[in-house]
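Here's the structure, in structure tokens; my notes come after.
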Amino acid sequence: MTAKTLKTGWKMHSLQENEWVPAKVPGSVYQAYLDAGKMEDPFYRDNEEKALNLMKQDFEFATTFDAEEALREADRTVLHFDGIDTLGEIYLNGTHLGDTENMHREWEFDVKELLKAEGNELRVILRSPVNYIYDSYEKDPLSVDCSDAMKGCSRLRKAHCMFGWDWGPRLPDAGIFREVKLLGITKARFDNVRISQKHVDGQVDLALFVGTETVTESPEPFAYRVTLTTPEGKSEVYGNSPASIHVEKPELWWPNGYGKQNLYGVKIELLDGEKVLDVWEKRIGLRTMTVAREKDQWGECFCHEVNGVRIFAMGADYIPEDNVLPRVTPERTRQLLTDARDCHFNCIRVWGGGYYPDDFFYDICDELGLIVWQDFMFACCSYDLTKEFEATITQEFIDNVKRIRHHASLGLWCGNNEMEMFIAGDTAGWCKKPSQLSDYFKMYEYIIPKVLEVYDPDTFYWPASPSSGGGFDAPNDENRGDVHYWDVWHGNKPITEFRKFYFRYLSEFGFQSFPSLKTVETFTEPGDRNIFSYVMEKHQRNQSANGKIMNYLGQTFLYPNDFDTLLYASQLLQAEAMRYGVEHFRRNRGRCMGTVIWQLNDCWPVASWAMIDYEGRWKAVQYYAKRFFAPLMISCQEEGILSQNTNVNAEPFELKKSATFCVVNETMEEKEVQVIWRLCRADGTVEKEGREELTVPALSSVWIGKNEFPEADIHEEYVSYELLEKGETVSYGSVLFCAPKHFHFRNPQLTVKTAGEYLIVTSDAYARSVEIKNEEDRLLLEDNYFDMQPGTRKIRVLSGNTEGLKIRSVYDIR
């Protein structure tokens, strides 16, 4: 097959204007206008409104190209679009080829008879997505869309969150966001190549299902040969169209933390005699992957099982990385996912309100060992299953399943985000037509399973998130399936509420914070830097969220004395909430087998649930995650005012003060460890301590007996603890028996200085949540936002300079 990528000579203009500007493909309207200086940064202050109005226009992308003889003389020549966003009209040399209406699909048009040797003109008209959804909603308002998005967003197969969400702006860009190619097909090409694995007795058989599209008649099927390349680079060729390949000593692929991410290369060549007609080349991982569901004493388990090993999922929900999609690059995505891997994540959930990520996203997940929970692109909306809609989404499923299914990291397919839960409760009238209920069943419990039965029968399918297995059977049940839990945050419950539950798999829970001051500065002027200013509230899309942050802050810390300290305090609230929940669920490993935090990243600079902000800066919670997702971890279940959610000003009561420790071992090896705890005064003086040696089996959690401190002064004393392996501290923490605002912190007199690749930190007293930043807040450390006992600590600098270092702790929130 001959291929030519059309990536040069593109230009773009609004159909309401005659002025053309240079454009890129892959690219978009916003990108072209930003590059040409014809629009302001849509993320700055309230420029979002101007950018949204721009998308009420129609646009045209155009280029000219030459067509080589091989393309013109091929048996069939097609114009192939990997992705068009969204409402496209395609013209080649003045002939209308067809229209597109689904961002999530690939599109092909036959062009052989239209091609010229030189000067072919390709035009793509993109109609306004804003006008389309407004018009469709006005004609038929009886469908429900996400309350934070623009009305009618569900009528268009475009990333819903482009129309706004409770963390995202209303910036529905348009463009040709993936490659455009001319494909010259001679005789035949690959159409449907799938590899199925059977693991028996430490060996693997790879079954090959090779489907072809034939464009000219052939008396016999075309042959193919296969080249299998090991992770070390050793190749073996299998000719004569093998139906299967036997791998004697397979090198297995494992998730991060459980083993190596071994990847094999597979190249399949379609042959006509000795002539190669087409090539299919991918990387695969040899592994088994499913979700275990078995009845047990608590209900029914729900956990990832890889190579027969049941793992505890530790990860976050991934949303689109930018509202201007051409800015999502392999380098940027790799950095984000590497940041996740380096903090011990083993799982990423691709949320259903965005778009199916690019191939490089899955390649990187394969390499880093991140299991992908892949939603189909439906979220928080109801849909009318017309014949046209069914046809386009069915092809959407086929295109993406065929594209993604070979990846080692693919852990499961999931039908939608939160629709089963909403429709089952239907408290907000999610079904305004009787047909929408039956349409739901058809889409997620019939159409998608039927597609997967043909195109990917080996990957586990789950009808919705959350779900207990479908059929509206208690979709947010604590004791079955996966759960979205939002009473902490949306329900204003204290973070202690987490300990009342033992979810089997928590696929969404979170807590908001503000981004770094340096990130805030990218979209504000100095006068905007108050969380209740107009601009700051434009960059806060969750209704009443700033008030929620202040409510939780008032329960926890003293009132901050400046804007930057308030940002810091908000990040500590988020970090403490997630730590409190994750540590509790990990202590109950076996009953709970997954904590996937909402959300990993942002698509613009905003106050949100993100762990890493839009500029790539780690919030406090990301450093906390490095500790609470550590494979070998100690945590403390304390009793005190905070854990009992008791009002300190209430009538006298008997307050229990205790600390019960638990060690979790999420590795494949048994561990010999030592636990050390100390009851200390606020100045760091040790009043009492204990030590215990213990053996922690692989993939387990082990509790240590309760330590009671009836005489402890909750305002003056705290408990520190650490876990040692072979004499080295591998996990640590500290716990208060009251809210930090009521603890009598001493001034730790923190200092920090540079010593080669390390920072030397000193403290004169107990310091909580010590933060270290450089002038540009681009410093990445091996540890940050940590609790520190009096003395000195050495911290390795991973990246960034050490100019203008600043250091503070909870003591400074006043």
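All residue names refer to the structure tokens as shown: chains lettered A, B, ... in order, residues numbered from 1 in each chain, ligands numbered from 1 in order.
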
TODO: Name all residues at most 12 Å from Pro255 in chain A (count only C-alpha atoms; drop same-chain ones fewer than 6 positions away) and give them as JSON, numbers by chain.
DONE: {"A": [261, 262, 285, 286, 287, 288, 289, 304, 305, 306, 307, 309, 310, 311, 312, 313, 314, 315, 341, 344, 345, 346, 347, 348, 365, 366, 367, 368, 369, 370, 371, 372, 408, 409, 410, 411, 666, 667, 668]}

For Glu669 in chain A, work out the shell of residues within 9 Å, counting only C-alpha atoms and skipping chain neighbours fewer than 3 positions away, then give it as a tab-separated table (two decimals) with N, CA, C and O atoms, in the first residue's frame.
```tsv
chain	number	residue	atom	x	y	z
A	665	ASN	N	1.58	-4.19	52.03
A	665	ASN	CA	2.65	-4.65	51.13
A	665	ASN	C	2.04	-4.99	49.78
A	665	ASN	O	1.50	-6.08	49.58
A	666	GLU	N	2.11	-4.06	48.85
A	666	GLU	CA	1.56	-4.28	47.50
A	666	GLU	C	2.69	-4.66	46.55
A	666	GLU	O	2.81	-4.12	45.45
A	696	VAL	N	5.45	-9.10	56.70
A	696	VAL	CA	4.25	-8.73	55.94
A	696	VAL	C	4.23	-9.54	54.65
A	696	VAL	O	5.09	-9.36	53.78
A	697	PRO	N	3.28	-10.47	54.51
A	697	PRO	CA	3.23	-11.28	53.29
A	697	PRO	C	3.02	-10.41	52.05
A	697	PRO	O	2.54	-9.27	52.13
A	698	ALA	N	3.39	-10.94	50.90
A	698	ALA	CA	3.14	-10.25	49.64
A	698	ALA	C	1.65	-10.00	49.45
A	698	ALA	O	0.81	-10.81	49.87
A	699	LEU	N	1.32	-8.86	48.87
A	699	LEU	CA	-0.06	-8.52	48.50
A	699	LEU	C	-1.00	-8.65	49.69
A	699	LEU	O	-2.00	-9.36	49.66
```

- Would you please give, as a ChimeraX atom specification, all residues of range 510-622 of chain A that DSSP assigns to alpha helix (DSSP H) based on the backbone? /A:517-521,534-538,545-556,563-587,620-622

field: Which of range 248-481 of chain A DSSP labels strand (DSSP E or B), written as a ChimeraX atom specification
entry: /A:252-253,261,264-272,275-284,286,289-292,295-296,299-300,303-306,309-310,313-318,347-350,371-375,379,410-414,417,461-462,465,467

Open item on the list: Using only C-alpha atoms, which protein or nucleic acid residues come within 8 Å of Leu736 in chain A? Drop anything in the same chain fewer than 5 positions from it, and give the result as an MDAnalysis selection string.
Closed with: chainID A and resid 640 714 717:719 743

Selected residues, N, CA, C and O atoms, written as a PDB file, in the first residue's frame, please.
```pdb
ATOM      1  N   GLY A 640      -9.491  10.449  67.943  1.00  0.00           N
ATOM      2  CA  GLY A 640      -9.292  11.776  68.492  1.00  0.00           C
ATOM      3  C   GLY A 640     -10.445  12.650  68.056  1.00  0.00           C
ATOM      4  O   GLY A 640     -11.434  12.171  67.493  1.00  0.00           O
ATOM      5  N   ILE A 714      -4.146  16.779  73.620  1.00  0.00           N
ATOM      6  CA  ILE A 714      -4.418  16.808  72.178  1.00  0.00           C
ATOM      7  C   ILE A 714      -3.891  18.072  71.507  1.00  0.00           C
ATOM      8  O   ILE A 714      -3.684  18.085  70.292  1.00  0.00           O
ATOM      9  N   GLU A 717       0.505  17.372  71.953  1.00  0.00           N
ATOM     10  CA  GLU A 717       1.214  16.128  71.661  1.00  0.00           C
ATOM     11  C   GLU A 717       0.687  15.485  70.377  1.00  0.00           C
ATOM     12  O   GLU A 717      -0.504  15.602  70.057  1.00  0.00           O
ATOM     13  N   TYR A 718       1.562  14.828  69.704  1.00  0.00           N
ATOM     14  CA  TYR A 718       1.242  14.147  68.453  1.00  0.00           C
ATOM     15  C   TYR A 718       2.013  12.838  68.405  1.00  0.00           C
ATOM     16  O   TYR A 718       2.908  12.579  69.227  1.00  0.00           O
ATOM     17  N   VAL A 719       1.684  12.001  67.422  1.00  0.00           N
ATOM     18  CA  VAL A 719       2.371  10.726  67.228  1.00  0.00           C
ATOM     19  C   VAL A 719       3.048  10.736  65.866  1.00  0.00           C
ATOM     20  O   VAL A 719       2.412  11.071  64.852  1.00  0.00           O
ATOM     21  N   PHE A 743      -3.977  22.817  67.220  1.00  0.00           N
ATOM     22  CA  PHE A 743      -2.718  22.299  67.746  1.00  0.00           C
ATOM     23  C   PHE A 743      -1.755  23.460  67.969  1.00  0.00           C
ATOM     24  O   PHE A 743      -1.696  24.401  67.165  1.00  0.00           O
TER      25      PHE A 743
END
```
